[in-house]
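J.: Compact mmCIF, C-alpha atoms and all ligand atoms, file start_19.txt:
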# COMPACT_ATOMS: atom_id res chain seq x y z
CA MET A 1 -55.03 30.86 -103.50
CA ASN A 2 -51.25 30.43 -103.62
CA ILE A 3 -48.76 31.55 -106.25
CA GLN A 4 -48.76 28.13 -107.92
CA GLU A 5 -52.53 28.27 -108.36
CA LEU A 6 -52.30 31.83 -109.63
CA ARG A 7 -49.77 30.72 -112.23
CA GLU A 8 -52.10 27.94 -113.33
CA LYS A 9 -54.89 30.47 -113.63
CA PHE A 10 -52.56 32.65 -115.71
CA ASN A 11 -51.95 29.70 -118.07
CA GLU A 12 -55.68 29.08 -118.33
CA VAL A 13 -56.49 32.69 -119.16
CA TYR A 14 -53.54 33.71 -121.35
CA GLY A 15 -52.08 30.40 -122.46
CA GLU A 16 -48.91 28.58 -121.42
CA GLY A 17 -45.33 29.11 -122.48
CA GLY A 18 -42.79 31.89 -122.68
CA ASP A 19 -41.12 33.76 -119.87
CA ILE A 20 -43.78 33.86 -117.14
CA ARG A 21 -42.69 35.56 -113.93
CA GLU A 22 -44.08 35.81 -110.40
CA TYR A 23 -44.14 38.78 -108.05
CA PHE A 24 -45.44 39.97 -104.68
CA ALA A 25 -46.08 43.36 -103.07
CA PRO A 26 -47.23 43.67 -99.44
CA GLY A 27 -49.85 45.85 -97.78
CA ARG A 28 -48.81 48.14 -94.94
CA VAL A 29 -49.93 49.28 -91.54
CA ASN A 30 -48.93 52.62 -90.11
CA LEU A 31 -47.99 52.48 -86.43
CA ILE A 32 -48.04 56.25 -85.91
CA GLY A 33 -47.68 59.45 -87.97
CA GLU A 34 -51.03 59.85 -89.70
CA HIS A 35 -51.79 62.57 -92.24
CA THR A 36 -48.27 63.90 -91.83
CA ASP A 37 -46.85 62.60 -95.11
CA TYR A 38 -48.18 65.45 -97.25
CA ASN A 39 -47.18 67.94 -94.55
CA GLY A 40 -43.45 67.30 -94.63
CA GLY A 41 -43.67 65.27 -91.42
CA HIS A 42 -42.61 61.81 -90.24
CA VAL A 43 -44.43 58.51 -90.58
CA PHE A 44 -43.75 55.09 -89.07
CA PRO A 45 -45.30 52.33 -91.20
CA CYS A 46 -44.31 48.72 -91.75
CA ALA A 47 -44.98 46.25 -94.54
CA LEU A 48 -47.23 43.27 -93.87
CA THR A 49 -46.98 39.67 -95.02
CA ILE A 50 -50.39 39.92 -96.67
CA GLY A 51 -50.43 41.64 -100.03
CA THR A 52 -50.91 41.25 -103.76
CA TYR A 53 -49.46 38.46 -105.89
CA GLY A 54 -48.90 38.96 -109.60
CA VAL A 55 -47.97 36.74 -112.53
CA ALA A 56 -46.95 38.43 -115.78
CA ARG A 57 -45.41 37.91 -119.22
CA LYS A 58 -44.50 40.21 -122.08
CA ARG A 59 -46.62 40.08 -125.23
CA ASP A 60 -45.66 40.47 -128.88
CA ASP A 61 -48.18 43.23 -129.60
CA ASP A 62 -48.99 46.50 -127.84
CA LYS A 63 -51.86 45.26 -125.69
CA VAL A 64 -51.82 45.40 -121.89
CA CYS A 65 -54.14 42.86 -120.28
CA PHE A 66 -55.24 42.60 -116.66
CA MET A 67 -57.27 40.11 -114.73
CA SER A 68 -58.04 39.67 -111.05
CA ALA A 69 -58.44 36.18 -109.60
CA ASN A 70 -60.26 37.77 -106.66
CA ILE A 71 -63.30 38.44 -108.81
CA ASP A 72 -65.63 35.57 -109.68
CA ASN A 73 -66.08 35.05 -113.42
CA ALA A 74 -63.74 37.93 -114.06
CA ARG A 75 -62.98 39.04 -117.58
CA VAL A 76 -59.72 40.35 -118.93
CA THR A 77 -59.51 44.13 -119.10
CA GLU A 78 -57.56 45.21 -122.16
CA ALA A 79 -55.98 48.46 -123.21
CA SER A 80 -53.44 49.47 -125.80
CA LEU A 81 -50.10 51.15 -125.18
CA SER A 82 -51.11 53.71 -127.77
CA ASP A 83 -54.21 54.72 -125.80
CA LEU A 84 -53.71 54.89 -122.06
CA GLU A 85 -56.35 57.55 -121.37
CA TYR A 86 -58.21 57.05 -118.08
CA ASN A 87 -61.47 55.17 -118.51
CA LYS A 88 -63.70 54.65 -115.49
CA ALA A 89 -65.07 51.44 -116.98
CA ASN A 90 -61.67 49.80 -116.46
CA GLY A 91 -62.43 49.62 -112.73
CA TRP A 92 -59.65 48.20 -110.53
CA ALA A 93 -57.40 47.83 -113.62
CA ASN A 94 -56.98 51.61 -113.52
CA TYR A 95 -54.37 51.07 -110.79
CA PRO A 96 -51.96 49.00 -112.89
CA LEU A 97 -52.93 51.02 -115.99
CA GLY A 98 -52.08 54.21 -114.10
CA VAL A 99 -48.59 52.87 -113.47
CA VAL A 100 -48.12 51.96 -117.15
CA TRP A 101 -49.29 55.49 -117.97
CA ALA A 102 -46.88 56.98 -115.40
CA PHE A 103 -43.90 55.05 -116.85
CA ASP A 104 -44.86 56.43 -120.24
CA LYS A 105 -45.21 59.99 -118.90
CA LYS A 106 -41.77 59.74 -117.36
CA GLY A 107 -40.26 58.73 -120.68
CA MET A 108 -40.03 55.00 -120.03
CA LYS A 109 -41.79 53.63 -123.09
CA LEU A 110 -42.72 49.96 -123.17
CA ASP A 111 -41.76 48.43 -126.51
CA LYS A 112 -44.44 45.71 -126.21
CA GLY A 113 -47.47 45.03 -124.03
CA PHE A 114 -47.91 42.38 -121.32
CA ASP A 115 -50.40 40.02 -119.68
CA MET A 116 -50.92 40.20 -115.95
CA ILE A 117 -53.05 38.40 -113.41
CA ILE A 118 -53.30 39.31 -109.75
CA TRP A 119 -54.69 37.89 -106.57
CA GLY A 120 -54.56 39.68 -103.23
CA ASN A 121 -55.42 39.00 -99.61
CA ILE A 122 -55.56 42.57 -98.30
CA PRO A 123 -59.19 43.27 -97.44
CA ASN A 124 -60.40 45.98 -99.84
CA GLY A 125 -61.11 49.38 -98.34
CA SER A 126 -59.49 48.35 -95.07
CA GLY A 127 -56.91 51.14 -95.14
CA LEU A 128 -54.09 48.60 -95.41
CA SER A 129 -53.02 49.95 -98.80
CA SER A 130 -54.37 47.48 -101.30
CA SER A 131 -54.04 50.15 -104.00
CA ALA A 132 -50.45 51.10 -103.19
CA SER A 133 -49.64 47.39 -103.11
CA LEU A 134 -51.07 46.97 -106.60
CA GLU A 135 -49.28 50.07 -107.88
CA VAL A 136 -45.87 49.04 -106.58
CA LEU A 137 -46.46 45.46 -107.75
CA THR A 138 -47.02 46.82 -111.24
CA GLY A 139 -43.92 48.98 -110.94
CA VAL A 140 -41.79 45.98 -109.99
CA ILE A 141 -43.24 43.98 -112.88
CA LEU A 142 -42.51 46.71 -115.43
CA GLN A 143 -39.03 47.30 -114.07
CA ASP A 144 -38.24 43.60 -114.27
CA LEU A 145 -39.94 42.69 -117.57
CA TYR A 146 -38.58 45.69 -119.48
CA GLY A 147 -35.18 45.97 -117.78
CA PHE A 148 -35.48 49.43 -116.22
CA ASP A 149 -32.58 48.50 -113.99
CA LYS A 150 -31.69 51.97 -112.83
CA LEU A 151 -34.98 52.49 -111.00
CA THR A 152 -34.70 52.18 -107.22
CA MET A 153 -37.49 50.95 -104.96
CA THR A 154 -38.04 54.56 -103.92
CA ASP A 155 -38.41 55.52 -107.60
CA LEU A 156 -41.08 52.84 -107.93
CA ALA A 157 -42.85 54.22 -104.86
CA LEU A 158 -42.80 57.72 -106.36
CA ILE A 159 -44.12 56.45 -109.69
CA GLY A 160 -46.94 54.67 -107.84
CA GLN A 161 -47.84 57.85 -105.98
CA TYR A 162 -47.64 59.87 -109.20
CA SER A 163 -50.08 57.50 -110.88
CA GLU A 164 -52.47 57.61 -107.95
CA ASN A 165 -52.35 61.43 -107.82
CA ASN A 166 -52.59 62.08 -111.54
CA TYR A 167 -54.41 59.08 -112.98
CA ASN A 168 -56.64 57.81 -110.19
CA GLY A 169 -57.40 61.18 -108.61
CA CYS A 170 -56.43 60.63 -104.99
CA ASN A 171 -53.95 63.21 -103.86
CA CYS A 172 -52.23 60.80 -101.45
CA GLY A 173 -48.82 61.28 -99.87
CA ILE A 174 -45.85 58.96 -100.27
CA MET A 175 -46.18 56.81 -97.13
CA ASP A 176 -48.10 53.84 -98.52
CA GLN A 177 -46.10 53.27 -101.69
CA PHE A 178 -42.86 53.89 -99.80
CA ALA A 179 -43.67 51.29 -97.14
CA VAL A 180 -44.82 48.75 -99.74
CA ALA A 181 -41.65 49.27 -101.78
CA ASN A 182 -39.07 49.52 -99.00
CA GLY A 183 -40.55 47.29 -96.29
CA LYS A 184 -38.22 45.02 -94.35
CA LYS A 185 -39.06 41.96 -92.29
CA ASP A 186 -39.33 42.78 -88.55
CA PHE A 187 -38.63 46.49 -89.08
CA ALA A 188 -40.80 49.59 -89.31
CA ILE A 189 -39.68 52.53 -91.44
CA PHE A 190 -39.11 55.90 -89.81
CA LEU A 191 -39.50 58.09 -92.85
CA ASP A 192 -39.02 61.84 -93.03
CA THR A 193 -41.34 62.82 -95.85
CA SER A 194 -39.69 66.23 -96.24
CA ASP A 195 -36.65 64.66 -97.93
CA LEU A 196 -37.44 60.90 -98.03
CA SER A 197 -34.56 60.07 -95.71
CA TYR A 198 -35.37 57.05 -93.57
CA GLU A 199 -34.17 54.61 -90.98
CA TYR A 200 -35.33 51.11 -90.18
CA ALA A 201 -36.38 50.54 -86.57
CA ASN A 202 -36.48 47.01 -85.26
CA ILE A 203 -39.89 46.12 -83.86
CA ASN A 204 -38.91 43.74 -81.18
CA LEU A 205 -41.82 43.36 -78.76
CA PRO A 206 -41.26 40.11 -76.88
CA ASP A 207 -44.20 40.75 -74.53
CA ALA A 208 -46.75 42.14 -76.96
CA LYS A 209 -48.36 41.75 -80.33
CA ILE A 210 -49.45 44.32 -82.89
CA VAL A 211 -53.08 43.63 -83.70
CA ILE A 212 -55.05 45.10 -86.59
CA THR A 213 -58.82 45.27 -86.20
CA ASN A 214 -60.90 45.77 -89.32
CA SER A 215 -64.10 47.73 -88.74
CA LYS A 216 -65.29 46.54 -92.15
CA VAL A 217 -66.80 49.93 -92.84
CA LYS A 218 -65.63 52.34 -95.48
CA HIS A 219 -67.56 55.53 -95.78
CA SER A 220 -68.04 56.92 -99.25
CA LEU A 221 -66.43 60.12 -100.45
CA VAL A 222 -63.19 59.00 -98.84
CA ASP A 223 -60.99 60.43 -101.56
CA GLY A 224 -62.98 63.66 -101.58
CA LYS A 225 -62.59 64.12 -97.83
CA TYR A 226 -58.93 63.17 -98.05
CA ASN A 227 -58.26 65.77 -100.72
CA GLU A 228 -60.21 68.31 -98.65
CA ARG A 229 -57.91 67.70 -95.65
CA ARG A 230 -54.92 68.28 -97.89
CA GLN A 231 -56.34 71.58 -99.06
CA GLU A 232 -57.04 72.65 -95.49
CA CYS A 233 -53.43 71.95 -94.55
CA ALA A 234 -52.21 73.86 -97.59
CA LYS A 235 -54.37 76.82 -96.55
CA ALA A 236 -52.99 76.72 -93.00
CA LEU A 237 -49.43 76.59 -94.33
CA GLU A 238 -50.03 79.54 -96.62
CA GLN A 239 -51.32 81.67 -93.75
CA LEU A 240 -48.54 80.58 -91.38
CA GLN A 241 -45.96 81.47 -94.03
CA THR A 242 -47.04 85.10 -93.73
CA VAL A 243 -45.61 85.14 -90.20
CA VAL A 244 -42.90 82.45 -90.10
CA ASP A 245 -40.38 81.11 -92.59
CA ILE A 246 -41.33 77.44 -93.02
CA GLU A 247 -41.62 75.03 -95.94
CA SER A 248 -44.18 72.70 -94.40
CA LEU A 249 -46.22 72.17 -91.23
CA GLY A 250 -43.70 69.51 -90.29
CA ASP A 251 -41.11 72.25 -89.74
CA LEU A 252 -42.90 73.47 -86.62
CA THR A 253 -42.66 72.28 -83.02
CA ASP A 254 -45.80 72.42 -80.86
CA GLU A 255 -44.44 75.53 -79.13
CA GLU A 256 -43.76 77.32 -82.40
CA PHE A 257 -47.23 76.42 -83.60
CA GLU A 258 -48.77 77.99 -80.48
CA LYS A 259 -46.76 81.12 -81.14
CA TYR A 260 -47.83 81.55 -84.77
CA LYS A 261 -51.23 79.87 -84.94
CA SER A 262 -53.23 83.11 -84.78
CA ALA A 263 -52.29 83.63 -88.44
CA ILE A 264 -54.78 80.88 -89.32
CA THR A 265 -58.19 82.49 -89.68
CA ASP A 266 -60.57 79.53 -89.96
CA PRO A 267 -60.99 77.64 -86.63
CA GLU A 268 -61.50 74.27 -88.37
CA VAL A 269 -58.39 74.74 -90.52
CA LEU A 270 -56.52 75.61 -87.34
CA LYS A 271 -57.48 72.25 -85.84
CA ARG A 272 -56.23 70.40 -88.92
CA ALA A 273 -52.89 72.18 -88.73
CA LYS A 274 -52.64 71.53 -84.99
CA HIS A 275 -53.01 67.82 -85.67
CA ALA A 276 -50.42 67.82 -88.46
CA VAL A 277 -47.86 69.57 -86.27
CA ALA A 278 -48.54 67.57 -83.09
CA GLU A 279 -48.74 64.22 -84.88
CA ASN A 280 -45.33 64.78 -86.41
CA GLN A 281 -43.85 65.56 -83.00
CA ARG A 282 -45.60 62.51 -81.51
CA THR A 283 -44.10 60.30 -84.20
CA ILE A 284 -40.58 61.51 -83.47
CA LYS A 285 -41.16 60.93 -79.73
CA ALA A 286 -42.72 57.52 -80.32
CA VAL A 287 -39.78 56.23 -82.33
CA LYS A 288 -37.41 57.50 -79.65
CA ALA A 289 -39.49 55.75 -76.97
CA LEU A 290 -39.35 52.50 -78.89
CA ALA A 291 -35.58 52.75 -79.21
CA ASP A 292 -35.48 53.15 -75.42
CA ASN A 293 -37.67 50.05 -75.04
CA ASP A 294 -40.38 52.26 -73.56
CA VAL A 295 -43.39 50.71 -75.15
CA VAL A 296 -45.75 52.27 -72.60
CA THR A 297 -44.91 55.76 -73.85
CA PHE A 298 -45.25 54.51 -77.42
CA GLY A 299 -48.76 53.28 -76.58
CA GLN A 300 -49.76 56.55 -74.93
CA LEU A 301 -48.64 58.46 -78.01
CA MET A 302 -50.76 56.11 -80.15
CA ASN A 303 -53.78 56.92 -77.98
CA GLN A 304 -53.13 60.65 -78.27
CA SER A 305 -52.81 60.21 -82.01
CA HIS A 306 -56.29 58.71 -82.13
CA ILE A 307 -57.83 61.51 -80.08
CA SER A 308 -56.24 64.09 -82.34
CA LEU A 309 -57.39 62.30 -85.52
CA ARG A 310 -60.88 62.01 -84.06
CA ASP A 311 -61.33 65.51 -82.64
CA ASP A 312 -59.00 67.81 -84.59
CA TYR A 313 -58.38 66.15 -87.91
CA LYS A 314 -61.85 64.59 -87.98
CA VAL A 315 -61.05 61.53 -90.05
CA SER A 316 -62.39 58.89 -87.70
CA CYS A 317 -65.98 57.65 -87.68
CA GLU A 318 -68.44 56.21 -85.19
CA GLU A 319 -67.60 52.56 -85.84
CA VAL A 320 -63.84 53.04 -85.56
CA ASP A 321 -64.29 55.06 -82.37
CA VAL A 322 -66.28 52.16 -80.93
CA LEU A 323 -63.37 49.81 -81.71
CA VAL A 324 -60.83 52.13 -80.12
CA ASP A 325 -62.95 52.78 -77.01
CA LEU A 326 -63.43 49.05 -76.54
CA ALA A 327 -59.70 48.44 -77.03
CA TRP A 328 -58.83 51.09 -74.44
CA SER A 329 -61.12 49.34 -71.94
CA VAL A 330 -59.19 46.06 -72.13
CA ASP A 331 -56.49 45.35 -69.56
CA GLY A 332 -53.17 44.75 -71.26
CA VAL A 333 -53.80 47.10 -74.19
CA ILE A 334 -50.76 49.34 -74.45
CA GLY A 335 -52.15 51.61 -77.16
CA SER A 336 -54.80 51.72 -79.86
CA ARG A 337 -55.66 54.09 -82.69
CA ILE A 338 -57.18 54.41 -86.13
CA THR A 339 -54.65 53.69 -88.87
CA GLY A 340 -54.47 54.80 -92.51
CA GLY A 341 -56.46 57.45 -94.32
CA GLY A 342 -59.55 57.14 -92.08
CA PHE A 343 -63.33 57.35 -92.50
CA GLY A 344 -63.50 53.63 -91.67
CA GLY A 345 -60.89 50.95 -92.20
CA CYS A 346 -58.74 49.52 -89.45
CA THR A 347 -57.36 50.23 -86.03
CA VAL A 348 -53.89 49.22 -84.88
CA SER A 349 -53.33 48.19 -81.26
CA ILE A 350 -50.41 46.99 -79.20
CA VAL A 351 -51.64 44.27 -76.89
CA LYS A 352 -49.76 42.29 -74.25
CA ASN A 353 -49.36 38.65 -75.27
CA GLU A 354 -51.51 37.33 -72.44
CA ALA A 355 -54.30 39.83 -73.20
CA VAL A 356 -54.71 39.08 -76.91
CA ASP A 357 -57.50 36.47 -76.53
CA ASN A 358 -59.47 38.70 -74.22
CA PHE A 359 -58.88 41.65 -76.55
CA VAL A 360 -60.32 39.77 -79.51
CA LYS A 361 -63.31 38.62 -77.49
CA THR A 362 -64.11 41.90 -75.74
CA VAL A 363 -63.61 44.11 -78.79
CA GLY A 364 -65.27 41.61 -81.15
CA ASP A 365 -68.35 41.06 -78.94
CA GLY A 366 -68.71 44.72 -78.00
CA TYR A 367 -68.44 45.85 -81.60
CA LYS A 368 -70.99 43.29 -82.77
CA GLU A 369 -73.37 44.40 -80.04
CA LYS A 370 -73.02 48.12 -80.80
CA THR A 371 -72.87 48.04 -84.60
CA GLY A 372 -74.10 44.62 -85.70
CA ILE A 373 -70.82 44.08 -87.59
CA GLU A 374 -68.31 41.24 -87.05
CA ALA A 375 -64.90 42.85 -86.81
CA GLU A 376 -61.89 40.97 -88.16
CA PHE A 377 -58.57 40.68 -86.36
CA TYR A 378 -55.10 40.11 -87.75
CA ILE A 379 -51.95 39.65 -85.70
CA VAL A 380 -49.27 41.54 -87.56
CA ASP A 381 -46.23 39.88 -89.02
CA ILE A 382 -43.91 42.50 -90.45
CA GLY A 383 -42.74 41.42 -93.89
CA ASP A 384 -40.42 42.46 -96.71
CA GLY A 385 -41.17 44.95 -99.47
CA ALA A 386 -42.26 44.29 -103.07
CA ARG A 387 -40.18 41.81 -105.07
CA ARG A 388 -39.96 39.26 -107.83
CA LEU A 389 -40.58 35.72 -106.54
CA SER A 390 -39.23 33.64 -109.40
C1 LIG A 401 -53.61 57.37 -96.93
C2 LIG A 401 -52.63 58.00 -97.92
C3 LIG A 401 -51.27 58.22 -97.26
C4 LIG A 401 -51.40 58.95 -95.91
C5 LIG A 401 -52.48 58.30 -95.06
C6 LIG A 401 -52.75 59.07 -93.80
O1 LIG A 401 -53.20 56.07 -96.61
O2 LIG A 401 -52.48 57.20 -99.05
O3 LIG A 401 -50.44 58.93 -98.14
O4 LIG A 401 -51.66 60.30 -96.10
O5 LIG A 401 -53.70 58.14 -95.75
O6 LIG A 401 -51.66 59.05 -92.96
Write the structure described by the file as C-alpha cells, please.

T.:
Amino acid sequence: MNIQELREKFNEVYGEGGDIREYFAPGRVNLIGEHTDYNGGHVFPCALTIGTYGVARKRDDDKVCFMSANIDNARVTEASLSDLEYNKANGWANYPLGVVWAFDKKGMKLDKGFDMIIWGNIPNGSGLSSSASLEVLTGVILQDLYGFDKLTMTDLALIGQYSENNYNGCNCGIMDQFAVANGKKDFAIFLDTSDLSYEYANINLPDAKIVITNSKVKHSLVDGKYNERRQECAKALEQLQTVVDIESLGDLTDEEFEKYKSAITDPEVLKRAKHAVAENQRTIKAVKALADNDVVTFGQLMNQSHISLRDDYKVSCEEVDVLVDLAWSVDGVIGSRITGGGFGGCTVSIVKNEAVDNFVKTVGDGYKEKTGIEAEFYIVDIGDGARRLS
C-alpha cells in the first residue's frame, strides 16, 4: 500500500473532505549499545526507510478513532477524550491511545477528537520498533493537528516512551522513540542516554551493506523478561552505590566495575551489570572505530556484543543464536549480533558487498534446515525521522 491508497482508504472509512493530512514515522535498527539505554549508557541506532504511515483529520466532537489498514476487515476502534482509561480490548490502538493519554497527562488537552488510519511495513514483533514508530507517529500527528508548536522531536520521543511505560506497561528506555523521532538519512545517532546529548555519525560503508535478518520468532513474556532485566540492573546499581559514587551503570569503566563488583551479591545480577557496563564501553569504542574508518574493529565489537547479550544478559534465544552462528561462518561478514530488546526478533550484520548473496543463501538455507523457518532479509537504507508528508 502507498500513501495515496491509504488516503483513499481513509476517505472510504471516515468520509471525504476537510483538512486531511499525511504522516510517516520510521522503524529503527540498533547497530550497537543494547540494553544500555535504561542504564545511563550509550546507544547507536539509526532510522529505517520502512515504518508506519498515517492519515488523520480533526473531528468536531470528542471522539478519537483508529483503524489499521494492515488488518483484514478491520473495524474502527473508538474512544472518547473524556475517557482515556486503558482497555485491553482496544488492542493495537492502545499505542496511539496511550500517546493521546500522555498528552493529556502532560497538560496538553485536545479540544476536539480526530480520525486516524495507519498502515505499516515494519514486521510486527521483529524488534525493529513498530510500537515506537506508531507512538512517535501519533505524537507528530497531535503536534501538527493541534498546533503544539513548542514540542521538539525529543519531547515527542519522551512522550512516546512515557506512554509506553505508563499506559502500555513496558518499562522501555528512550532509544527506540528517540531514533524514530530524530533519525537522519545516512546517519546513525550516537546518543548518551544519561543526558540525551547526541551526535550524528555518518554511516558511509562503500564496501559493505548493513543487513537485517528476521528470525520470525518472538517468544512470549517479552515485556515481562524485559522489565525483569531492568529490575536486575537497578538492584546491581543499588548495591554498587554502597561502595562507589555513581548515578548509573553507564558511569563505570570495565576496570572500575572489576574493582567494585563484589558488592553485587547475586551472581546472575552480576552478569547483567557486567553486560551493561561492558556494552556501554563497546559502544563508545565502536563509534570511535567507525570514525577512524576501522570497520573491522566495529564488527568485532558487534560480535562481542552478541556474546555478552547471549551469555551474560541472557536475552538471546536458540533461533537467533543459529542466525548469528551461521552469519559468523560466512566469509565477508564483518560483524553480526542480535538487535533490539531480544527473545527473538532480528539480527544486524555488516556484510561485504560481494558476500551479500552468499550470506543470504547460507544463512537462509542453514536457518531453514535447523529451525524449519524461512528467515527474511532486508538491506538497510538509513532514513529520516518522523514527519508530516503533506
Ligand atoms: C527495546 C527497548 C529499548 C532498549 C532495547 C534494548 O527495544 O524499547 O528501550 O532498551 O530494547 O537495547

J.: For Gly33 of chain A, work out the shell of residues within 10 Å, counting all atoms listed in the file and skipping chain neighbours fewer than 4 positions away, then give it as a ChimeraX atom specification.

T.: /A:37,41-45,175,190-191,276,278-284,286,302,305,339-340

J.: Smallest atom-to-atom distance to Gly224 of chain A: which of A:Asn171, A:Ser248, A:Asn30, A:Asn303, using only C-alpha atoms?

T.: A:Asn171

J.: Which residues are near ligand LIG 401 (chain A) - at most 6 Å, using all atoms listed in the file? Format: as a list in words.

T.: Glu34, His35, Asp37, Cys172, Gly173, Ile174, Met175, Asp176, Gly340 and Gly341 of chain A

J.: If you count all atoms listed in the file, which residues fall within 12 Å of Glu258 of chain A, apart from same-chain ones fewer than 6 positions away, as an MDAnalysis selection string?

T.: chainID A and resid 240 252 264 270:271 273:274 277:278

J.: In terms of the shortest atom-to-atom distance over only C-alpha atoms, which of A:Val29, A:Ala56, A:Met1, A:Ile212 is closest to Val13 of chain A?

T.: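 Going through A:Val29, A:Ala56, A:Met1, A:Ile212 one by one, the smallest distance to Val13 of chain A is for A:Ala56.
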
J.: Leaving out Ile159 of chain A and any residue of its chain fewer than 3 positions from it, which residues lie within 10 Å of it when counting all atoms listed in the file, given as number ranges by chain?

T.: A: 98-103, 105-106, 135-136, 139, 153-156, 162-165, 174, 177

J.: Val315 of chain A: which residues within 12 Å, counting all atoms listed in the file, same-chain residues fewer than 4 positions away excluded, as a ChimeraX atom specification?

T.: /A:34-35,218-219,221-229,272,275,305-311,319-321,337-345

J.: Next, write the just-selected residues to a file, as a PDB file, keeping the file's coordinate frame, keeping C-alpha atoms as the atom set.

T.:
ATOM      1  CA  GLU A  34     -51.030  59.850 -89.700  1.00  0.00           C
ATOM      2  CA  HIS A  35     -51.790  62.570 -92.240  1.00  0.00           C
ATOM      3  CA  LYS A 218     -65.630  52.340 -95.480  1.00  0.00           C
ATOM      4  CA  HIS A 219     -67.560  55.530 -95.780  1.00  0.00           C
ATOM      5  CA  LEU A 221     -66.430  60.120-100.450  1.00  0.00           C
ATOM      6  CA  VAL A 222     -63.190  59.000 -98.840  1.00  0.00           C
ATOM      7  CA  ASP A 223     -60.990  60.430-101.560  1.00  0.00           C
ATOM      8  CA  GLY A 224     -62.980  63.660-101.580  1.00  0.00           C
ATOM      9  CA  LYS A 225     -62.590  64.120 -97.830  1.00  0.00           C
ATOM     10  CA  TYR A 226     -58.930  63.170 -98.050  1.00  0.00           C
ATOM     11  CA  ASN A 227     -58.260  65.770-100.720  1.00  0.00           C
ATOM     12  CA  GLU A 228     -60.210  68.310 -98.650  1.00  0.00           C
ATOM     13  CA  ARG A 229     -57.910  67.700 -95.650  1.00  0.00           C
ATOM     14  CA  ARG A 272     -56.230  70.400 -88.920  1.00  0.00           C
ATOM     15  CA  HIS A 275     -53.010  67.820 -85.670  1.00  0.00           C
ATOM     16  CA  SER A 305     -52.810  60.210 -82.010  1.00  0.00           C
ATOM     17  CA  HIS A 306     -56.290  58.710 -82.130  1.00  0.00           C
ATOM     18  CA  ILE A 307     -57.830  61.510 -80.080  1.00  0.00           C
ATOM     19  CA  SER A 308     -56.240  64.090 -82.340  1.00  0.00           C
ATOM     20  CA  LEU A 309     -57.390  62.300 -85.520  1.00  0.00           C
ATOM     21  CA  ARG A 310     -60.880  62.010 -84.060  1.00  0.00           C
ATOM     22  CA  ASP A 311     -61.330  65.510 -82.640  1.00  0.00           C
ATOM     23  CA  GLU A 319     -67.600  52.560 -85.840  1.00  0.00           C
ATOM     24  CA  VAL A 320     -63.840  53.040 -85.560  1.00  0.00           C
ATOM     25  CA  ASP A 321     -64.290  55.060 -82.370  1.00  0.00           C
ATOM     26  CA  ARG A 337     -55.660  54.090 -82.690  1.00  0.00           C
ATOM     27  CA  ILE A 338     -57.180  54.410 -86.130  1.00  0.00           C
ATOM     28  CA  THR A 339     -54.650  53.690 -88.870  1.00  0.00           C
ATOM     29  CA  GLY A 340     -54.470  54.800 -92.510  1.00  0.00           C
ATOM     30  CA  GLY A 341     -56.460  57.450 -94.320  1.00  0.00           C
ATOM     31  CA  GLY A 342     -59.550  57.140 -92.080  1.00  0.00           C
ATOM     32  CA  PHE A 343     -63.330  57.350 -92.500  1.00  0.00           C
ATOM     33  CA  GLY A 344     -63.500  53.630 -91.670  1.00  0.00           C
ATOM     34  CA  GLY A 345     -60.890  50.950 -92.200  1.00  0.00           C
TER      35      GLY A 345
END

J.: Which neighbours of segment 360-376 of chain A fall inside 6 Å, counting all atoms listed in the file, when residues of the same chain fewer than 2 positions from it are skipped, and could you give them as a PyMOL selection string?

T.: chain A and resi 213-215+326+357-358

J.: Considering all atoms listed in the file, tabulate each residue of segment 101-162 of chain A that lies at most 12 Å from segment 71-77 of chain A along with its nearest interatomic pair and the corresponding distance in Å to one decimal; arrange the rows by chain and ascending residue number and present them as a tab-separated table.

T.:
residue	atom	partner	partner_atom	distance
A:Phe114	CA	A:Thr77	CA	11.9
A:Asp115	CA	A:Val76	CA	9.4
A:Met116	CA	A:Val76	CA	9.3
A:Ile117	CA	A:Val76	CA	8.9
A:Ile118	CA	A:Ile71	CA	10.1
A:Trp119	CA	A:Ile71	CA	8.9
A:Gly120	CA	A:Ile71	CA	10.4

J.: For the atom pair atom CA of Thr138 of chain A and atom CA of Arg59 of chain A, what is the interatomic distance in Å to one decimal place?

T.: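 Answer for the atom CA of Thr138 of chain A to atom CA of Arg59 of chain A separation: 15.5 Å.
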
J.: Report, in Å to a single decimal, how far apart atom CA of Val295 of chain A and atom CA of Asp325 of chain A are.

T.: 19.8 Å

J.: Using only C-alpha atoms, which of the listed residues (A:Leu31, A:Leu6, A:Ile382, A:Leu137) sits closest to Ser68 of chain A?

T.: A:Leu6

J.: Find the distance between atom CA of Glu232 of chain A and atom CA of Asn182 of chain A and write it in Å to one decimal.

T.: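 The value is 29.5 Å.
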
J.: Let me have the centre and edge lengths of the axis-aligned box enclosing all listed atoms of segment 332-342 of chain A with 4 Å padding on every side, in Å to one decimal, as JSON.

T.:
{"center_x": -55.2, "center_y": 51.1, "center_z": -82.8, "size_x": 16.8, "size_y": 20.7, "size_z": 31.1}
